[in-house]
file upload06.txt (compact mmCIF, C-alpha atoms and all ligand atoms)
# COMPACT_ATOMS: atom_id res chain seq x y z
CA MET E 103 -13.01 -6.13 -6.77
CA ARG E 104 -11.85 -7.57 -3.49
CA ASP E 105 -14.23 -7.24 -0.60
CA ARG E 106 -12.38 -5.09 1.94
CA THR E 107 -13.31 -7.40 4.75
CA ALA E 108 -12.19 -10.52 2.91
CA GLY E 109 -8.67 -11.67 3.68
CA LEU E 110 -5.84 -12.18 1.27
CA ALA E 111 -4.56 -15.54 2.50
CA ASP E 112 -5.13 -17.00 -0.94
CA ARG E 113 -2.96 -14.24 -2.44
CA LEU E 114 -0.04 -14.77 -0.07
CA PHE E 115 2.95 -16.68 -1.46
CA VAL E 116 5.69 -17.49 1.02
CA LEU E 117 9.24 -18.00 -0.21
CA PRO E 118 11.89 -19.80 1.85
CA SER E 119 14.55 -17.07 1.62
CA PRO E 120 15.11 -13.44 0.59
CA GLU E 121 16.95 -14.67 -2.50
CA GLU E 122 14.01 -16.82 -3.58
CA LEU E 123 11.65 -13.96 -2.73
CA ALA E 124 13.60 -11.69 -5.10
CA ARG E 125 13.50 -14.34 -7.82
CA ALA E 126 9.74 -14.75 -7.36
CA ALA E 127 9.20 -10.99 -7.59
CA ALA E 128 11.42 -10.66 -10.68
CA GLY E 129 9.61 -13.61 -12.25
CA ARG E 130 6.20 -12.12 -11.47
CA LEU E 131 7.13 -8.76 -13.01
CA TRP E 132 8.58 -10.47 -16.08
CA GLY E 133 5.47 -12.62 -16.47
CA ILE E 134 3.13 -9.62 -16.32
CA VAL E 135 5.21 -7.57 -18.73
CA ARG E 136 5.72 -10.44 -21.18
CA GLU E 137 1.97 -11.11 -21.27
CA ARG E 138 1.09 -7.46 -21.77
CA ALA E 139 3.76 -6.91 -24.43
CA ALA E 140 2.48 -9.98 -26.30
CA ALA E 141 -1.10 -8.70 -26.09
CA ALA E 142 0.02 -5.33 -27.41
CA GLY E 143 1.77 -7.09 -30.28
CA ARG E 144 -1.32 -9.12 -31.12
CA SER E 145 -4.00 -6.46 -31.12
CA LYS E 146 -3.46 -2.94 -32.38
CA GLY E 147 -6.20 -1.85 -30.00
CA ALA E 148 -4.20 -2.74 -26.92
CA ALA E 149 -2.02 0.01 -25.52
CA SER E 150 1.42 -0.51 -27.03
CA ALA E 151 3.53 0.50 -24.01
CA VAL E 152 3.57 -1.42 -20.75
CA HIS E 153 3.72 0.68 -17.61
CA VAL E 154 5.26 -0.46 -14.34
CA ALA E 155 5.63 1.51 -11.11
CA LEU E 156 8.41 0.50 -8.73
CA SER E 157 8.90 1.22 -5.04
CA GLY E 158 12.08 2.06 -3.22
CA GLY E 159 13.28 1.30 0.26
CA SER E 160 15.68 -1.58 0.90
CA THR E 161 13.68 -4.74 0.18
CA PRO E 162 13.35 -4.43 -3.59
CA ARG E 163 17.08 -3.89 -4.29
CA ARG E 164 17.63 -7.65 -4.60
CA THR E 165 14.64 -7.95 -6.94
CA TYR E 166 15.97 -5.19 -9.21
CA GLU E 167 19.43 -6.78 -9.23
CA THR E 168 17.82 -10.12 -10.14
CA LEU E 169 15.81 -8.52 -12.92
CA SER E 170 18.94 -6.90 -14.33
CA SER E 171 20.87 -10.19 -14.31
CA GLU E 172 20.53 -13.35 -16.42
CA PRO E 173 18.16 -14.92 -17.36
CA TYR E 174 15.85 -11.90 -17.07
CA ARG E 175 18.19 -9.28 -18.51
CA ASP E 176 18.18 -10.90 -21.94
CA ARG E 177 14.53 -11.92 -21.95
CA PHE E 178 12.85 -8.80 -20.58
CA PRO E 179 11.28 -6.58 -23.30
CA TRP E 180 12.97 -3.43 -21.97
CA ALA E 181 12.01 -1.22 -24.93
CA ALA E 182 8.32 -2.04 -24.48
CA VAL E 183 8.20 -1.01 -20.82
CA HIS E 184 7.94 2.40 -19.21
CA PHE E 185 9.24 2.48 -15.64
CA HIS E 186 7.82 4.92 -13.12
CA GLN E 187 8.41 5.51 -9.42
CA VAL E 188 5.77 4.69 -6.82
CA ASP E 189 7.32 7.24 -4.50
CA GLU E 190 10.47 9.16 -3.68
CA ARG E 191 12.13 10.69 -0.68
CA PHE E 192 12.63 14.41 -1.32
CA VAL E 193 16.43 14.26 -1.13
CA PRO E 194 19.13 15.08 -3.71
CA PRO E 195 19.44 12.46 -6.50
CA GLY E 196 22.79 11.26 -5.17
CA ASP E 197 21.60 10.89 -1.58
CA PRO E 198 21.84 7.28 -0.28
CA ARG E 199 18.16 7.54 0.75
CA SER E 200 17.06 8.33 -2.83
CA ASN E 201 14.78 5.71 -4.40
CA GLY E 202 15.77 7.03 -7.81
CA ARG E 203 19.41 6.33 -6.95
CA LEU E 204 18.47 2.78 -5.91
CA LEU E 205 16.67 2.20 -9.21
CA ARG E 206 19.51 3.68 -11.27
CA GLU E 207 22.15 1.62 -9.42
CA ALA E 208 20.33 -1.72 -9.18
CA LEU E 209 18.38 -1.67 -12.44
CA PHE E 210 18.50 1.11 -15.03
CA SER E 211 22.30 1.36 -15.22
CA ARG E 212 22.49 -2.40 -15.86
CA VAL E 213 19.89 -2.97 -18.58
CA PRO E 214 19.20 -1.64 -22.12
CA VAL E 215 16.05 0.32 -21.17
CA PRO E 216 15.65 3.40 -23.41
CA PRO E 217 16.28 6.53 -21.29
CA GLY E 218 12.91 7.94 -22.43
CA ASN E 219 11.22 4.96 -20.79
CA VAL E 220 12.43 5.89 -17.32
CA HIS E 221 10.29 8.40 -15.41
CA LEU E 222 11.75 9.55 -12.09
CA VAL E 223 10.61 12.18 -9.62
CA ASP E 224 12.74 15.30 -10.02
CA THR E 225 14.03 16.10 -6.56
CA THR E 226 16.19 18.98 -7.79
CA LEU E 227 13.05 21.17 -7.84
CA PRO E 228 12.42 23.69 -5.01
CA GLY E 229 10.16 21.36 -2.99
CA PRO E 230 7.97 18.24 -2.95
CA ALA E 231 4.87 20.06 -4.20
CA ALA E 232 6.69 21.25 -7.34
CA ALA E 233 8.18 17.78 -7.82
CA ALA E 234 4.74 16.18 -7.44
CA ARG E 235 3.24 18.57 -10.00
CA LYS E 236 5.98 17.92 -12.55
CA TYR E 237 5.82 14.16 -12.03
CA GLU E 238 2.04 14.18 -12.42
CA GLU E 239 2.36 16.17 -15.64
CA GLU E 240 4.77 13.51 -16.93
CA LEU E 241 2.36 10.77 -15.89
CA ARG E 242 -0.52 12.52 -17.66
CA ARG E 243 1.52 12.52 -20.85
CA ALA E 244 2.01 8.77 -20.45
CA PHE E 245 -1.66 8.19 -19.60
CA PRO E 246 -3.66 10.83 -21.53
CA ASP E 247 -7.31 10.99 -20.35
CA PRO E 248 -7.47 7.47 -18.80
CA PRO E 249 -10.84 5.77 -18.29
CA GLY E 250 -11.96 6.33 -14.70
CA GLY E 251 -9.69 9.35 -14.42
CA PHE E 252 -6.66 7.51 -13.03
CA PRO E 253 -3.70 5.82 -14.76
CA ARG E 254 -3.94 2.02 -14.86
CA PHE E 255 -0.44 0.69 -14.33
CA ASP E 256 0.08 -2.84 -15.61
CA ALA E 257 2.04 -3.61 -12.45
CA VAL E 258 2.80 -1.73 -9.25
CA LEU E 259 5.45 -3.12 -6.91
CA LEU E 260 4.77 -2.01 -3.32
CA GLY E 261 6.61 -2.48 -0.07
CA LEU E 262 5.08 -2.65 3.39
CA GLY E 263 6.24 -0.77 6.45
CA ALA E 264 6.07 -2.17 9.98
CA ASP E 265 3.48 0.58 10.60
CA GLY E 266 1.42 -0.60 7.63
CA HIS E 267 2.44 2.22 5.30
CA THR E 268 2.96 1.59 1.64
CA ALA E 269 4.31 3.83 -1.10
CA SER E 270 4.83 7.01 0.89
CA LEU E 271 1.32 6.90 2.32
CA PHE E 272 1.77 6.85 6.07
CA PRO E 273 -0.85 6.39 8.82
CA GLY E 274 -2.45 9.75 9.68
CA ASP E 275 -0.77 11.64 6.85
CA GLU E 276 -3.14 13.85 4.85
CA ALA E 277 -1.78 12.43 1.60
CA LEU E 278 -3.79 9.29 2.39
CA ALA E 279 -7.03 11.25 1.96
CA GLU E 280 -6.17 12.57 -1.52
CA ARG E 281 -8.84 11.43 -3.99
CA THR E 282 -8.20 13.66 -7.02
CA ALA E 283 -4.48 14.23 -7.64
CA TRP E 284 -2.35 11.42 -8.99
CA VAL E 285 0.81 12.53 -7.18
CA VAL E 286 1.17 14.48 -3.92
CA GLY E 287 3.75 15.45 -1.37
CA SER E 288 3.72 13.54 1.90
CA THR E 289 5.77 13.08 5.06
CA GLY E 290 6.92 9.93 6.75
CA GLY E 291 9.57 7.40 7.58
CA GLU E 292 11.98 7.31 10.49
CA PRO E 293 13.12 9.99 10.75
CA ALA E 294 10.18 11.56 8.96
CA ILE E 295 11.16 13.37 5.80
CA ALA E 296 9.33 15.04 2.92
CA ARG E 297 8.32 12.66 0.15
CA VAL E 298 6.47 12.48 -3.16
CA THR E 299 4.04 9.63 -3.73
CA LEU E 300 1.41 8.15 -6.01
CA THR E 301 -1.96 8.53 -4.36
CA LEU E 302 -4.33 5.81 -3.22
CA PRO E 303 -6.72 6.14 -6.21
CA VAL E 304 -3.76 5.52 -8.53
CA LEU E 305 -2.63 2.44 -6.63
CA CYS E 306 -6.24 1.15 -6.65
CA ALA E 307 -6.48 1.62 -10.42
CA ALA E 308 -3.59 -0.79 -11.10
CA ALA E 309 -4.10 -4.03 -12.99
CA GLN E 310 -1.63 -5.92 -10.82
CA VAL E 311 -0.43 -4.92 -7.35
CA ILE E 312 2.50 -6.89 -5.97
CA PHE E 313 3.42 -6.46 -2.30
CA LEU E 314 7.00 -7.46 -1.56
CA VAL E 315 7.54 -8.12 2.15
CA GLU E 316 10.69 -9.35 3.85
CA GLY E 317 11.81 -9.76 7.42
CA ARG E 318 10.40 -10.42 10.86
CA ALA E 319 9.84 -6.70 11.51
CA LYS E 320 7.00 -6.81 8.98
CA ALA E 321 5.28 -9.90 10.43
CA GLU E 322 2.57 -8.00 12.30
CA SER E 323 1.74 -5.57 9.50
CA LEU E 324 1.75 -8.44 7.01
CA ARG E 325 -0.57 -10.47 9.24
CA ARG E 326 -3.03 -7.55 9.37
CA LEU E 327 -2.81 -7.06 5.60
CA VAL E 328 -3.42 -10.76 4.91
CA GLU E 329 -6.24 -11.07 7.45
CA GLY E 330 -7.89 -7.82 6.37
CA THR E 331 -7.79 -6.43 9.90
CA GLY E 332 -6.91 -2.86 10.85
CA ASP E 333 -7.03 0.11 8.55
CA ALA E 334 -3.42 0.67 7.65
CA PRO E 335 -2.62 2.46 4.38
CA ALA E 336 -1.58 -0.84 2.78
CA ALA E 337 -4.99 -2.34 3.58
CA ARG E 338 -6.63 0.49 1.63
CA VAL E 339 -4.98 -0.59 -1.62
CA VAL E 340 -8.02 -2.38 -3.01
CA PRO E 341 -7.72 -2.61 -6.80
CA ARG E 342 -11.08 -1.81 -8.39
CA ARG E 343 -10.38 -4.00 -11.42
CA GLY E 344 -7.13 -5.65 -10.60
CA ALA E 345 -5.38 -8.34 -8.61
CA ILE E 346 -3.14 -8.33 -5.54
CA THR E 347 -0.25 -10.73 -5.03
CA ILE E 348 1.67 -10.76 -1.76
CA LEU E 349 5.17 -12.18 -1.91
CA ALA E 350 6.83 -12.65 1.46
CA ASP E 351 9.74 -14.53 2.91
CA ARG E 352 9.29 -16.98 5.79
CA GLU E 353 10.58 -14.41 8.29
CA ALA E 354 7.79 -11.97 7.46
CA ALA E 355 5.12 -14.63 7.01
CA GLY E 356 6.09 -16.60 10.12
CA GLU E 357 3.19 -15.12 12.12
CA SER E 358 0.82 -14.90 9.22
CA GLY E 359 -0.29 -18.51 9.32
CA ALA E 360 -0.43 -20.68 6.29
CA GLY E 361 0.45 -19.19 2.98
CA THR E 362 1.04 -21.04 -0.23
CA GLU E 363 4.69 -21.91 0.05
CA LYS E 364 6.33 -21.66 -3.34
CA ARG E 365 9.31 -23.93 -3.84
C1 LIG Y 1 10.08 4.08 0.62
C2 LIG Y 1 9.27 2.96 0.04
C3 LIG Y 1 8.39 2.44 1.12
C4 LIG Y 1 8.90 1.06 1.38
C5 LIG Y 1 8.53 0.57 2.75
C6 LIG Y 1 9.28 -0.72 3.05
O1 LIG Y 1 10.35 5.05 -0.07
O2 LIG Y 1 10.47 3.91 1.78
O3 LIG Y 1 8.69 3.18 -1.12
O4 LIG Y 1 7.03 2.40 0.87
O5 LIG Y 1 8.39 0.19 0.38
O6 LIG Y 1 8.92 1.57 3.66
O7 LIG Y 1 10.65 -0.37 3.04
P1 LIG Y 1 11.81 -1.46 3.18
O8 LIG Y 1 11.75 -2.27 1.94
O9 LIG Y 1 13.05 -0.63 3.29
O10 LIG Y 1 11.49 -2.25 4.42

call {"tool": "encode", "arguments": {"input": "upload06.txt", "output": "structure tokens"}}
result
Amino acid sequence: MRDRTAGLADRLFVLPSPEELARAAAGRLWGIVRERAAAAGRSKGAASAVHVALSGGSTPRRTYETLSSEPYRDRFPWAAVHFHQVDERFVPPGDPRSNGRLLREALFSRVPVPPGNVHLVDTTLPGPAAAARKYEEELRRAFPDPPGGFPRFDAVLLGLGADGHTASLFPGDEALAERTAWVVGSTGGEPAIARVTLTLPVLCAAAQVIFLVEGRAKAESLRRLVEGTGDAPAARVVPRRGAITILADREAAGESGAGTEKR
């Protein structure tokens, strides 16, 4: 487990452009899934399905479009992977702000993933609390009685806000303090709206956490994340038995000092 005070400079990989950042993120997800699917094929003991949780917002669109294009589209073991949402804005499914709409448009409508492998927050319910309950029930069916009490996603793709939020866990929001539920309602963003999000214990139970960070507006929050300074929500994602990878473009990493530049 990473020492909270230790930095993450050795986990920061800087890509020269947003396009190369998207390719690195798609490649990382594919690598994790391919390895886990192979392990599941080799040993009957290993969980057969691979579980990935994906964030919304604007940054990951390019990554999802890359993943749903060649060469990944043909190589990705779509039928072996269950896709979940990290968080959702509580807006109608067709709303341009919907993370589920982003995922459907940029990924699920373009690849042969079985519909039963896609698990989205239902924002047609009366409110975020009901949506959180239903989504948690669906998660508990996917992860029955997990060791440690929280689902261990094989990969969680997270974004980073300029304020240091991640998922829909915003500074000062009570959702950040949740230590029992897997999914809760929260509030945040600009303008602040109701949301549904995986909780911190779930993010910390993941095997692989990938932060995807693009643009100069994130430079300060990325610097704090990498240096381990401040106490932003993103800094509290400390996988108990897992690894963190931070993928950033030069714009975001410009003020974060040296990072391993991937060519
Ligand atoms: C959301 C996301 C959120 C996002 C960050 C970064 O619903 O908004 O899940 O956590 O990852 O806000 O967003 P951008 O990628 O749009 O900068």

call {"tool": "closest_atom_pairs", "arguments": {"input": "upload06.txt", "of": "chain E", "to": "ligand LIG 1 (chain Y)", "cutoff": "10 Å", "atoms": "only C-alpha atoms and all ligand atoms", "output": "JSON lines"}}
result
{"residue": "E:Leu156", "atom": "CA", "partner": "Y:LIG1", "partner_atom": "O3", "distance": 8.1}
{"residue": "E:Ser157", "atom": "CA", "partner": "Y:LIG1", "partner_atom": "O3", "distance": 4.4}
{"residue": "E:Gly158", "atom": "CA", "partner": "Y:LIG1", "partner_atom": "O3", "distance": 4.1}
{"residue": "E:Gly159", "atom": "CA", "partner": "Y:LIG1", "partner_atom": "O9", "distance": 3.6}
{"residue": "E:Ser160", "atom": "CA", "partner": "Y:LIG1", "partner_atom": "O9", "distance": 3.7}
{"residue": "E:Thr161", "atom": "CA", "partner": "Y:LIG1", "partner_atom": "O8", "distance": 3.6}
{"residue": "E:Pro162", "atom": "CA", "partner": "Y:LIG1", "partner_atom": "O8", "distance": 6.1}
{"residue": "E:Arg163", "atom": "CA", "partner": "Y:LIG1", "partner_atom": "O8", "distance": 8.4}
{"residue": "E:Gln187", "atom": "CA", "partner": "Y:LIG1", "partner_atom": "O3", "distance": 8.6}
{"residue": "E:Val188", "atom": "CA", "partner": "Y:LIG1", "partner_atom": "O3", "distance": 6.6}
{"residue": "E:Asp189", "atom": "CA", "partner": "Y:LIG1", "partner_atom": "O3", "distance": 5.5}
{"residue": "E:Glu190", "atom": "CA", "partner": "Y:LIG1", "partner_atom": "O1", "distance": 5.5}
{"residue": "E:Arg191", "atom": "CA", "partner": "Y:LIG1", "partner_atom": "O1", "distance": 5.9}
{"residue": "E:Phe192", "atom": "CA", "partner": "Y:LIG1", "partner_atom": "O1", "distance": 9.7}
{"residue": "E:Arg199", "atom": "CA", "partner": "Y:LIG1", "partner_atom": "O1", "distance": 8.2}
{"residue": "E:Ser200", "atom": "CA", "partner": "Y:LIG1", "partner_atom": "O1", "distance": 8.0}
{"residue": "E:Asn201", "atom": "CA", "partner": "Y:LIG1", "partner_atom": "O1", "distance": 6.2}
{"residue": "E:Gly202", "atom": "CA", "partner": "Y:LIG1", "partner_atom": "O1", "distance": 9.7}
{"residue": "E:Leu259", "atom": "CA", "partner": "Y:LIG1", "partner_atom": "O5", "distance": 8.5}
{"residue": "E:Leu260", "atom": "CA", "partner": "Y:LIG1", "partner_atom": "O5", "distance": 5.6}
{"residue": "E:Gly261", "atom": "CA", "partner": "Y:LIG1", "partner_atom": "O5", "distance": 3.2}
{"residue": "E:Leu262", "atom": "CA", "partner": "Y:LIG1", "partner_atom": "C6", "distance": 4.6}
{"residue": "E:Gly263", "atom": "CA", "partner": "Y:LIG1", "partner_atom": "O6", "distance": 4.5}
{"residue": "E:Ala264", "atom": "CA", "partner": "Y:LIG1", "partner_atom": "O10", "distance": 7.8}
{"residue": "E:Asp265", "atom": "CA", "partner": "Y:LIG1", "partner_atom": "O6", "distance": 8.9}
{"residue": "E:Gly266", "atom": "CA", "partner": "Y:LIG1", "partner_atom": "C5", "distance": 8.7}
{"residue": "E:His267", "atom": "CA", "partner": "Y:LIG1", "partner_atom": "O4", "distance": 6.4}
{"residue": "E:Thr268", "atom": "CA", "partner": "Y:LIG1", "partner_atom": "O4", "distance": 4.2}
{"residue": "E:Ala269", "atom": "CA", "partner": "Y:LIG1", "partner_atom": "O4", "distance": 3.7}
{"residue": "E:Ser270", "atom": "CA", "partner": "Y:LIG1", "partner_atom": "O4", "distance": 5.1}
{"residue": "E:Leu271", "atom": "CA", "partner": "Y:LIG1", "partner_atom": "O4", "distance": 7.4}
{"residue": "E:Phe272", "atom": "CA", "partner": "Y:LIG1", "partner_atom": "O4", "distance": 8.6}
{"residue": "E:Gly290", "atom": "CA", "partner": "Y:LIG1", "partner_atom": "O2", "distance": 8.6}
{"residue": "E:Gly291", "atom": "CA", "partner": "Y:LIG1", "partner_atom": "O2", "distance": 6.8}
{"residue": "E:Glu292", "atom": "CA", "partner": "Y:LIG1", "partner_atom": "O6", "distance": 9.4}
{"residue": "E:Arg297", "atom": "CA", "partner": "Y:LIG1", "partner_atom": "O1", "distance": 7.9}
{"residue": "E:Val298", "atom": "CA", "partner": "Y:LIG1", "partner_atom": "O1", "distance": 8.9}
{"residue": "E:Thr299", "atom": "CA", "partner": "Y:LIG1", "partner_atom": "O3", "distance": 8.4}
{"residue": "E:Phe313", "atom": "CA", "partner": "Y:LIG1", "partner_atom": "O5", "distance": 8.7}
{"residue": "E:Leu314", "atom": "CA", "partner": "Y:LIG1", "partner_atom": "O8", "distance": 7.9}
{"residue": "E:Val315", "atom": "CA", "partner": "Y:LIG1", "partner_atom": "O8", "distance": 7.2}
{"residue": "E:Glu316", "atom": "CA", "partner": "Y:LIG1", "partner_atom": "O10", "distance": 7.2}
{"residue": "E:Gly317", "atom": "CA", "partner": "Y:LIG1", "partner_atom": "O10", "distance": 8.1}
{"residue": "E:Ala319", "atom": "CA", "partner": "Y:LIG1", "partner_atom": "O10", "distance": 8.5}
{"residue": "E:Lys320", "atom": "CA", "partner": "Y:LIG1", "partner_atom": "O10", "distance": 7.9}
{"residue": "E:Ala336", "atom": "CA", "partner": "Y:LIG1", "partner_atom": "O4", "distance": 9.4}

call {"tool": "write_last_selection", "arguments": {"input": "upload06.txt", "atoms": "C-alpha atoms", "output": "compact mmCIF listing (two decimals), in the frame of the given file"}}
result
# COMPACT_ATOMS: atom_id res chain seq x y z
CA LEU E 156 8.41 0.50 -8.73
CA SER E 157 8.90 1.22 -5.04
CA GLY E 158 12.08 2.06 -3.22
CA GLY E 159 13.28 1.30 0.26
CA SER E 160 15.68 -1.58 0.90
CA THR E 161 13.68 -4.74 0.18
CA PRO E 162 13.35 -4.43 -3.59
CA ARG E 163 17.08 -3.89 -4.29
CA GLN E 187 8.41 5.51 -9.42
CA VAL E 188 5.77 4.69 -6.82
CA ASP E 189 7.32 7.24 -4.50
CA GLU E 190 10.47 9.16 -3.68
CA ARG E 191 12.13 10.69 -0.68
CA PHE E 192 12.63 14.41 -1.32
CA ARG E 199 18.16 7.54 0.75
CA SER E 200 17.06 8.33 -2.83
CA ASN E 201 14.78 5.71 -4.40
CA GLY E 202 15.77 7.03 -7.81
CA LEU E 259 5.45 -3.12 -6.91
CA LEU E 260 4.77 -2.01 -3.32
CA GLY E 261 6.61 -2.48 -0.07
CA LEU E 262 5.08 -2.65 3.39
CA GLY E 263 6.24 -0.77 6.45
CA ALA E 264 6.07 -2.17 9.98
CA ASP E 265 3.48 0.58 10.60
CA GLY E 266 1.42 -0.60 7.63
CA HIS E 267 2.44 2.22 5.30
CA THR E 268 2.96 1.59 1.64
CA ALA E 269 4.31 3.83 -1.10
CA SER E 270 4.83 7.01 0.89
CA LEU E 271 1.32 6.90 2.32
CA PHE E 272 1.77 6.85 6.07
CA GLY E 290 6.92 9.93 6.75
CA GLY E 291 9.57 7.40 7.58
CA GLU E 292 11.98 7.31 10.49
CA ARG E 297 8.32 12.66 0.15
CA VAL E 298 6.47 12.48 -3.16
CA THR E 299 4.04 9.63 -3.73
CA PHE E 313 3.42 -6.46 -2.30
CA LEU E 314 7.00 -7.46 -1.56
CA VAL E 315 7.54 -8.12 2.15
CA GLU E 316 10.69 -9.35 3.85
CA GLY E 317 11.81 -9.76 7.42
CA ALA E 319 9.84 -6.70 11.51
CA LYS E 320 7.00 -6.81 8.98
CA ALA E 336 -1.58 -0.84 2.78

call {"tool": "atom_distance", "arguments": {"input": "upload06.txt", "atom1": "atom CA of Leu349 of chain E", "atom2": "atom CA of Val286 of chain E"}}
result
27.0 Å

call {"tool": "atom_distance", "arguments": {"input": "upload06.txt", "atom1": "atom CA of Phe252 of chain E", "atom2": "atom CA of Ala234 of chain E"}}
result
15.4 Å

call {"tool": "atom_distance", "arguments": {"input": "upload06.txt", "atom1": "atom CA of Ala127 of chain E", "atom2": "atom CA of Ile312 of chain E"}}
result
8.0 Å

call {"tool": "closest_residue", "arguments": {"input": "upload06.txt", "among": "E:Arg212, E:Arg136, E:Arg164, E:Arg325", "to": "Pro179 of chain E", "atoms": "all atoms listed in the file"}}
result
E:Arg136

call {"tool": "closest_residue", "arguments": {"input": "upload06.txt", "among": "E:Leu169, E:Val183, E:Ala151, E:Ala334", "to": "Ala124 of chain E", "atoms": "only C-alpha atoms"}}
result
E:Leu169

call {"tool": "residues_near_point", "arguments": {"input": "upload06.txt", "point": "(3.1, -3.4, -23.4)", "cutoff": "10 Å", "atoms": "all atoms listed in the file", "output": "PDB file with C-alpha atoms, in the frame of the given file"}}
result
ATOM      1  CA  ILE E 134       3.130  -9.620 -16.320  1.00  0.00           C
ATOM      2  CA  VAL E 135       5.210  -7.570 -18.730  1.00  0.00           C
ATOM      3  CA  ARG E 136       5.720 -10.440 -21.180  1.00  0.00           C
ATOM      4  CA  GLU E 137       1.970 -11.110 -21.270  1.00  0.00           C
ATOM      5  CA  ARG E 138       1.090  -7.460 -21.770  1.00  0.00           C
ATOM      6  CA  ALA E 139       3.760  -6.910 -24.430  1.00  0.00           C
ATOM      7  CA  ALA E 140       2.480  -9.980 -26.300  1.00  0.00           C
ATOM      8  CA  ALA E 141      -1.100  -8.700 -26.090  1.00  0.00           C
ATOM      9  CA  ALA E 142       0.020  -5.330 -27.410  1.00  0.00           C
ATOM     10  CA  GLY E 143       1.770  -7.090 -30.280  1.00  0.00           C
ATOM     11  CA  ALA E 148      -4.200  -2.740 -26.920  1.00  0.00           C
ATOM     12  CA  ALA E 149      -2.020   0.010 -25.520  1.00  0.00           C
ATOM     13  CA  SER E 150       1.420  -0.510 -27.030  1.00  0.00           C
ATOM     14  CA  ALA E 151       3.530   0.500 -24.010  1.00  0.00           C
ATOM     15  CA  VAL E 152       3.570  -1.420 -20.750  1.00  0.00           C
ATOM     16  CA  HIS E 153       3.720   0.680 -17.610  1.00  0.00           C
ATOM     17  CA  VAL E 154       5.260  -0.460 -14.340  1.00  0.00           C
ATOM     18  CA  PRO E 179      11.280  -6.580 -23.300  1.00  0.00           C
ATOM     19  CA  TRP E 180      12.970  -3.430 -21.970  1.00  0.00           C
ATOM     20  CA  ALA E 181      12.010  -1.220 -24.930  1.00  0.00           C
ATOM     21  CA  ALA E 182       8.320  -2.040 -24.480  1.00  0.00           C
ATOM     22  CA  VAL E 183       8.200  -1.010 -20.820  1.00  0.00           C
ATOM     23  CA  HIS E 184       7.940   2.400 -19.210  1.00  0.00           C
ATOM     24  CA  ASP E 256       0.080  -2.840 -15.610  1.00  0.00           C
TER      25      ASP E 256
END

call {"tool": "closest_residue", "arguments": {"input": "upload06.txt", "among": "E:Pro228, E:Pro341, E:Pro253, E:Pro173", "to": "Glu240 of chain E", "atoms": "all atoms listed in the file"}}
result
E:Pro253

call {"tool": "residues_around", "arguments": {"input": "upload06.txt", "residues": "Val285 of chain E", "least_positions_apart": "2", "cutoff": "8 Å", "atoms": "only C-alpha atoms", "output": "number ranges by chain"}}
result
E: 234-235, 237-238, 283, 287, 298-301

call {"tool": "closest_residue", "arguments": {"input": "upload06.txt", "among": "E:Gly344, E:Gly356, E:Pro230, E:Pro120", "to": "Arg254 of chain E", "atoms": "all atoms listed in the file"}}
result
E:Gly344

call {"tool": "closest_residue", "arguments": {"input": "upload06.txt", "among": "E:Thr226, E:Thr347, E:Ser171, E:Ser119", "to": "Pro195 of chain E", "atoms": "all atoms listed in the file"}}
result
E:Thr226

call {"tool": "closest_residue", "arguments": {"input": "upload06.txt", "among": "E:Leu327, E:Pro293, E:Glu239, E:Gly250", "to": "Ile346 of chain E", "atoms": "all atoms listed in the file"}}
result
E:Leu327

call {"tool": "residues_near_point", "arguments": {"input": "upload06.txt", "point": "(-7.3, 11.8, -13.6)", "cutoff": "7 Å", "atoms": "all atoms listed in the file", "output": "number ranges by chain"}}
result
E: 247-248, 251-252, 282, 284

call {"tool": "residues_around", "arguments": {"input": "upload06.txt", "residues": "Ala321 of chain E", "least_positions_apart": "2", "cutoff": "7 Å", "atoms": "all atoms listed in the file", "output": "PDB file with C-alpha atoms, in the frame of the given file"}}
result
ATOM      1  CA  ARG E 318      10.400 -10.420  10.860  1.00  0.00           C
ATOM      2  CA  ALA E 319       9.840  -6.700  11.510  1.00  0.00           C
ATOM      3  CA  SER E 323       1.740  -5.570   9.500  1.00  0.00           C
ATOM      4  CA  LEU E 324       1.750  -8.440   7.010  1.00  0.00           C
ATOM      5  CA  ARG E 325      -0.570 -10.470   9.240  1.00  0.00           C
ATOM      6  CA  ALA E 354       7.790 -11.970   7.460  1.00  0.00           C
ATOM      7  CA  ALA E 355       5.120 -14.630   7.010  1.00  0.00           C
ATOM      8  CA  GLY E 356       6.090 -16.600  10.120  1.00  0.00           C
ATOM      9  CA  GLU E 357       3.190 -15.120  12.120  1.00  0.00           C
ATOM     10  CA  SER E 358       0.820 -14.900   9.220  1.00  0.00           C
TER      11      SER E 358
END
